[in-house]
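K.L.:
Take this structure first; my questions come after.
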Amino acid sequence: MTATLEGLESGPHILRSGAFHGLLSHFRLAGLEGQGPAVVPGDSDITRLLDGVISPQGPARAECAVLLGLLLDREDSERVGAVDSLIRRHAAARLPELLECAEAVSDASDASQTRSALLFLFGHLVQDHPEIVDSASSAFGAESGAAHALARIRDDAVERPQRAAQVRAYLGAEAFSPLAADRLELARRTLACPGCHDALDFGPEEIRCVSCGEAFSWVDGHPNLPPRGVEQRDEFPEDVAEVYETALRPRFVKVMGRAFGAGDAEESELRYLSDRLRVGEGTVLDLGCGAGTWTARVAALVGSDRVVAIDWSAAMLRRCARRVPGAIIVRGSAQAIPVATGSMAAAVCWDALQAFPQPGGAVAEVARCLAPGGLFVGFTFRSSPGPYAYFQERITANPRHLLDLDRFRAWCADAGLDIEDLTVANDAVLFSARRSA
Ligand SMILES: C[S@@+](CC[C@H](N)C(=O)[O-])C[C@H]1O[C@@H](n2cnc3c(N)ncnc32)[C@H](O)[C@@H]1O
Ligand SMILES: [Zn+2]
């Protein structure tokens, strides 16, 4: 138990998710109530969970708040009361700190996730402490949904407890949704050794291939799975990554695509992505994810807990991790994708194929990662058929990687990918292909 709580407080993001799910089953929470006797958390467990919520730099504030909320939920239904009053006693003693934490959350990088979790916990305490509503109003706005939901629970708690419980369940669902997937389990199932494609063992100090024994590290709390012997310069170090999305990307897309999108390239890109990325279930790879705005769009279409985002640049990945905290973030190469064969329902490669050293090899690698029938959606640029190519070749660091459409068709055919759509708009290329079943 202590070990699992420690796992929640420190260590890489994927392992923390594993610890969170370990605790859910330990306490038999969230749909697991029926399995065996209930484990009753003790005084020190509750203190640690509250510390986890209150600590401003705590890596697991959302997880700790959700666990406390669920413990209170469980006691509601079982009417046991012992844990319930224990948590209430501790929470009352630390109420000022809890309320301050609502203010702090508004500025956090994972603000919406932590805020939902905190509201779920507050939803269980507001009947004892009606002043929570005022704090939520000042932290999140008097007209905010947060303040309304808490006021509703407070007002309905006695006369209409059913309705209050329903509002709490809404808050709980919102808080739980980004945490619902066990990322450790998903990582074990989908990530693989870039050399031999076999499974990886995720330890707190290192990651090791179960088959060839190759050892890998964690970088910024994410798996660092580069292929052995592949040398590639990182073209997006910190100073470039910092201005990439605001300054570099829009101009690059416009110029490289030769005014693609009639003034609104982003809208055209997004329309294509949302029209084509239709995957009801399974994991989606975002290859060359960059700083994460487009990963967030992929996540908005399929759910962040179904996204594995891979890039070569650590500085880009740090931004992506902040923007899409629910996704699995991995440093790796498109030339030897650290993903298990056939494990992806879809792959997205957005504005990135042209940046890879060998785009043909990357297409073959994507096809290997896709399950039969899996979808590959991408956005890149062709080499302009006219004199404009002169400029295209001078503005990109990798001029030779602008797409030749015939070669692209051949790469897909060789990799077992059937092209379903190939849209050329000025010099932008949008494509959708499917791995043969
Ligand atoms: C132009 S950015 C696109 C980022 C993002 N998909 C977007 O649409 O804004 C290209 C990305 O490809 C990454 N990249 C370049 N070579 C790579 C490789 N061999 N493997 C994985 N990523 C690579 C770069 O680090 C960079 O983040
Ligand atoms: Zn291996």
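Chain labels A, B, ... are given in the sequence in which chains occur in the structure tokens; within each chain residues are numbered consecutively from 1, and ligands are likewise numbered from 1 in the order shown.
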I'd like the contact shell of Leu417 in chain A - 8 Å cut-off, only C-alpha atoms, skipping same-chain residues fewer than 2 positions apart - returned as number ranges by chain.
P.N.:
A: 367, 412-415, 419, 433-436
K.L.:
Would you mind listing what lies within 12 Å of Ser177 in chain A as a ChimeraX atom specification, with only C-alpha atoms counted and same-chain residues fewer than 5 positions away left out?
P.N.:
/A:30,62-63,66,112-114,116-117,169-172,182,303-306,326
K.L.:
So how far away is CA of Ser85 in chain A from CA of Ser25 in chain A, in Å?
P.N.:
21.7 Å
K.L.:
Using only C-alpha atoms, which residues sit within 9 Å of range 275-289 of chain A once same-chain residues fewer than 6 positions away are excluded, as a JSON list (two decimals) with N, CA and C atoms, in the first residue's frame?
P.N.:
[["chain", "number", "residue", "atom", "x", "y", "z"],
["A", 186, "LEU", "N", -1.43, 0.28, -21.05],
["A", 186, "LEU", "CA", -1.45, 0.66, -22.47],
["A", 186, "LEU", "C", -0.02, 0.70, -23.03],
["A", 190, "THR", "N", 1.43, -1.40, -26.18],
["A", 190, "THR", "CA", 1.66, -0.74, -27.46],
["A", 190, "THR", "C", 3.11, -0.32, -27.72],
["A", 295, "THR", "N", -1.55, 17.36, -31.78],
["A", 295, "THR", "CA", -1.83, 16.18, -30.94],
["A", 295, "THR", "C", -3.11, 16.43, -30.15],
["A", 298, "VAL", "N", -5.95, 15.77, -32.40],
["A", 298, "VAL", "CA", -6.17, 14.33, -32.53],
["A", 298, "VAL", "C", -6.88, 13.83, -31.26],
["A", 299, "ALA", "N", -6.40, 14.28, -30.10],
["A", 299, "ALA", "CA", -7.00, 13.85, -28.83],
["A", 299, "ALA", "C", -8.46, 14.29, -28.72],
["A", 301, "LEU", "N", -10.47, 14.44, -31.09],
["A", 301, "LEU", "CA", -11.28, 13.59, -31.97],
["A", 301, "LEU", "C", -11.45, 12.17, -31.41],
["A", 302, "VAL", "N", -10.44, 11.68, -30.70],
["A", 302, "VAL", "CA", -10.52, 10.27, -30.27],
["A", 302, "VAL", "C", -10.44, 10.06, -28.75],
["A", 305, "ASP", "N", -6.69, 9.62, -23.91],
["A", 305, "ASP", "CA", -6.16, 8.36, -23.37],
["A", 305, "ASP", "C", -6.01, 7.28, -24.44],
["A", 306, "ARG", "N", -6.25, 7.64, -25.71],
["A", 306, "ARG", "CA", -6.02, 6.69, -26.81],
["A", 306, "ARG", "C", -4.86, 7.12, -27.69],
["A", 307, "VAL", "N", -4.11, 8.15, -27.22],
["A", 307, "VAL", "CA", -3.08, 8.72, -28.09],
["A", 307, "VAL", "C", -1.67, 8.38, -27.60],
["A", 308, "VAL", "N", -0.83, 7.90, -28.53],
["A", 308, "VAL", "CA", 0.60, 7.75, -28.29],
["A", 308, "VAL", "C", 1.30, 8.74, -29.21],
["A", 309, "ALA", "N", 2.02, 9.71, -28.62],
["A", 309, "ALA", "CA", 2.64, 10.78, -29.41],
["A", 309, "ALA", "C", 4.16, 10.61, -29.39],
["A", 310, "ILE", "N", 4.75, 10.57, -30.58],
["A", 310, "ILE", "CA", 6.20, 10.31, -30.68],
["A", 310, "ILE", "C", 6.88, 11.44, -31.45],
["A", 311, "ASP", "N", 8.03, 11.85, -30.95],
["A", 311, "ASP", "CA", 8.83, 12.85, -31.66],
["A", 311, "ASP", "C", 10.29, 12.63, -31.30],
["A", 312, "TRP", "N", 11.17, 13.20, -32.12],
["A", 312, "TRP", "CA", 12.60, 13.07, -31.90],
["A", 312, "TRP", "C", 13.11, 14.16, -30.96],
["A", 313, "SER", "N", 12.38, 15.26, -30.90],
["A", 313, "SER", "CA", 12.88, 16.43, -30.18],
["A", 313, "SER", "C", 12.32, 16.51, -28.76],
["A", 316, "MET", "N", 10.31, 19.78, -28.03],
["A", 316, "MET", "CA", 8.95, 19.74, -28.59],
["A", 316, "MET", "C", 8.07, 18.86, -27.69],
["A", 317, "LEU", "N", 8.61, 17.72, -27.26],
["A", 317, "LEU", "CA", 7.82, 16.78, -26.45],
["A", 317, "LEU", "C", 7.41, 17.37, -25.10],
["A", 320, "CYS", "N", 4.40, 19.26, -25.80],
["A", 320, "CYS", "CA", 3.29, 18.36, -26.12],
["A", 320, "CYS", "C", 2.72, 17.73, -24.83],
["A", 333, "SER", "N", 12.14, 7.57, -32.90],
["A", 333, "SER", "CA", 12.36, 7.94, -34.30],
["A", 333, "SER", "C", 11.34, 7.29, -35.23],
["A", 334, "ALA", "N", 10.96, 8.06, -36.24],
["A", 334, "ALA", "CA", 10.06, 7.55, -37.27],
["A", 334, "ALA", "C", 10.75, 6.47, -38.10],
["A", 337, "ILE", "N", 10.14, 2.96, -35.35],
["A", 337, "ILE", "CA", 9.11, 3.43, -34.41],
["A", 337, "ILE", "C", 9.02, 2.46, -33.21],
["A", 339, "VAL", "N", 7.04, 1.03, -31.39],
["A", 339, "VAL", "CA", 5.65, 0.64, -31.20],
["A", 339, "VAL", "C", 5.49, -0.81, -31.66],
["A", 343, "SER", "N", -0.21, -2.82, -33.49],
["A", 343, "SER", "CA", -0.90, -2.39, -32.26],
["A", 343, "SER", "C", -1.70, -1.09, -32.40],
["A", 344, "MET", "N", -1.60, -0.41, -33.54],
["A", 344, "MET", "CA", -2.28, 0.89, -33.67],
["A", 344, "MET", "C", -3.51, 0.79, -34.58],
["A", 345, "ALA", "N", -4.61, 1.41, -34.14],
["A", 345, "ALA", "CA", -5.82, 1.47, -34.98],
["A", 345, "ALA", "C", -5.65, 2.53, -36.06],
["A", 346, "ALA", "N", -4.84, 3.54, -35.79],
["A", 346, "ALA", "CA", -4.62, 4.60, -36.77],
["A", 346, "ALA", "C", -3.31, 5.29, -36.47],
["A", 347, "ALA", "N", -2.77, 5.95, -37.50],
["A", 347, "ALA", "CA", -1.57, 6.77, -37.31],
["A", 347, "ALA", "C", -1.79, 8.09, -38.02],
["A", 348, "VAL", "N", -1.34, 9.15, -37.35],
["A", 348, "VAL", "CA", -1.41, 10.49, -37.94],
["A", 348, "VAL", "C", 0.02, 10.97, -38.09],
["A", 349, "CYS", "N", 0.34, 11.57, -39.24],
["A", 349, "CYS", "CA", 1.67, 12.14, -39.40],
["A", 349, "CYS", "C", 1.46, 13.52, -40.03],
["A", 350, "TRP", "N", 1.49, 14.54, -39.18],
["A", 350, "TRP", "CA", 1.01, 15.86, -39.57],
["A", 350, "TRP", "C", 2.15, 16.84, -39.75],
["A", 351, "ASP", "N", 2.33, 17.30, -40.97],
["A", 351, "ASP", "CA", 3.38, 18.29, -41.25],
["A", 351, "ASP", "C", 4.73, 17.76, -40.76],
["A", 352, "ALA", "N", 5.00, 16.50, -40.98],
["A", 352, "ALA", "CA", 6.22, 15.92, -40.41],
["A", 352, "ALA", "C", 6.98, 15.00, -41.37],
["A", 353, "LEU", "N", 6.28, 14.39, -42.32],
["A", 353, "LEU", "CA", 6.95, 13.43, -43.21],
["A", 353, "LEU", "C", 8.16, 14.08, -43.89],
["A", 355, "ALA", "N", 10.08, 16.17, -42.73],
["A", 355, "ALA", "CA", 11.19, 16.42, -41.80],
["A", 355, "ALA", "C", 11.97, 15.14, -41.48],
["A", 356, "PHE", "N", 11.43, 13.98, -41.85],
["A", 356, "PHE", "CA", 12.10, 12.73, -41.51],
["A", 356, "PHE", "C", 13.26, 12.46, -42.48],
["A", 366, "VAL", "N", 5.23, 2.92, -40.33],
["A", 366, "VAL", "CA", 3.84, 3.19, -39.93],
["A", 366, "VAL", "C", 2.98, 1.97, -40.28],
["A", 369, "CYS", "N", 3.25, -0.78, -37.84],
["A", 369, "CYS", "CA", 2.59, -0.51, -36.54],
["A", 369, "CYS", "C", 1.07, -0.65, -36.60],
["A", 374, "GLY", "N", -6.07, -0.76, -40.42],
["A", 374, "GLY", "CA", -5.73, 0.50, -39.72],
["A", 374, "GLY", "C", -5.54, 1.65, -40.69],
["A", 375, "LEU", "N", -5.76, 2.85, -40.17],
["A", 375, "LEU", "CA", -5.83, 4.04, -41.02],
["A", 375, "LEU", "C", -4.57, 4.89, -40.86],
["A", 376, "PHE", "N", -4.10, 5.48, -41.96],
["A", 376, "PHE", "CA", -2.93, 6.38, -41.92],
["A", 376, "PHE", "C", -3.36, 7.70, -42.56],
["A", 377, "VAL", "N", -3.37, 8.77, -41.77],
["A", 377, "VAL", "CA", -3.79, 10.08, -42.28],
["A", 377, "VAL", "C", -2.62, 11.04, -42.15],
["A", 432, "SER", "N", -4.89, 9.89, -47.10],
["A", 432, "SER", "CA", -5.49, 8.93, -46.19],
["A", 432, "SER", "C", -5.32, 7.55, -46.83]]
K.L.:
Figure out the distance between CA of Leu422 in chain A and CA of Pro387 in chain A, please, to one decimal in Å.
P.N.:
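Here the two named atoms are 22.8 Å from each other.
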K.L.:
How would you report the residues lying within 10 Å of ligand 2, as a ChimeraX atom specification, if you count only C-alpha atoms and all ligand atoms?
P.N.:
/A:192-200,208-215,227,338
K.L.:
How would you write, as a PyMOL selection string, the set of residues in range 176-209 of chain A that DSSP gives as alpha helix (DSSP H)?
P.N.:
chain A and resi 176+183-190
K.L.:
Counting only C-alpha atoms and all ligand atoms, which of A:Asn426, A:Gln358, A:Gln162, A:Ser44 gets nearest to ligand 1?
P.N.:
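Using only C-alpha atoms and all ligand atoms, the shortest distance to ligand 1 belongs to A:Gln358.
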K.L.:
Just how far from CA of Asp155 in chain A is CA of Leu49 in chain A, in Å to one decimal?
P.N.:
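The value is 27.8 Å.
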K.L.:
Just checking: using only C-alpha atoms, which residue out of A:Lys254, A:Arg163, A:His148, A:Arg183 ends up closest to Ala425 in chain A?
P.N.:
A:Lys254
K.L.:
Counting only C-alpha atoms, figure out which residue out of A:Glu9, A:Arg74, A:Ser144, A:Gln57 gets nearest to Phe27 in chain A.
P.N.:
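Closest to Phe27 in chain A of all the choices is A:Arg74.
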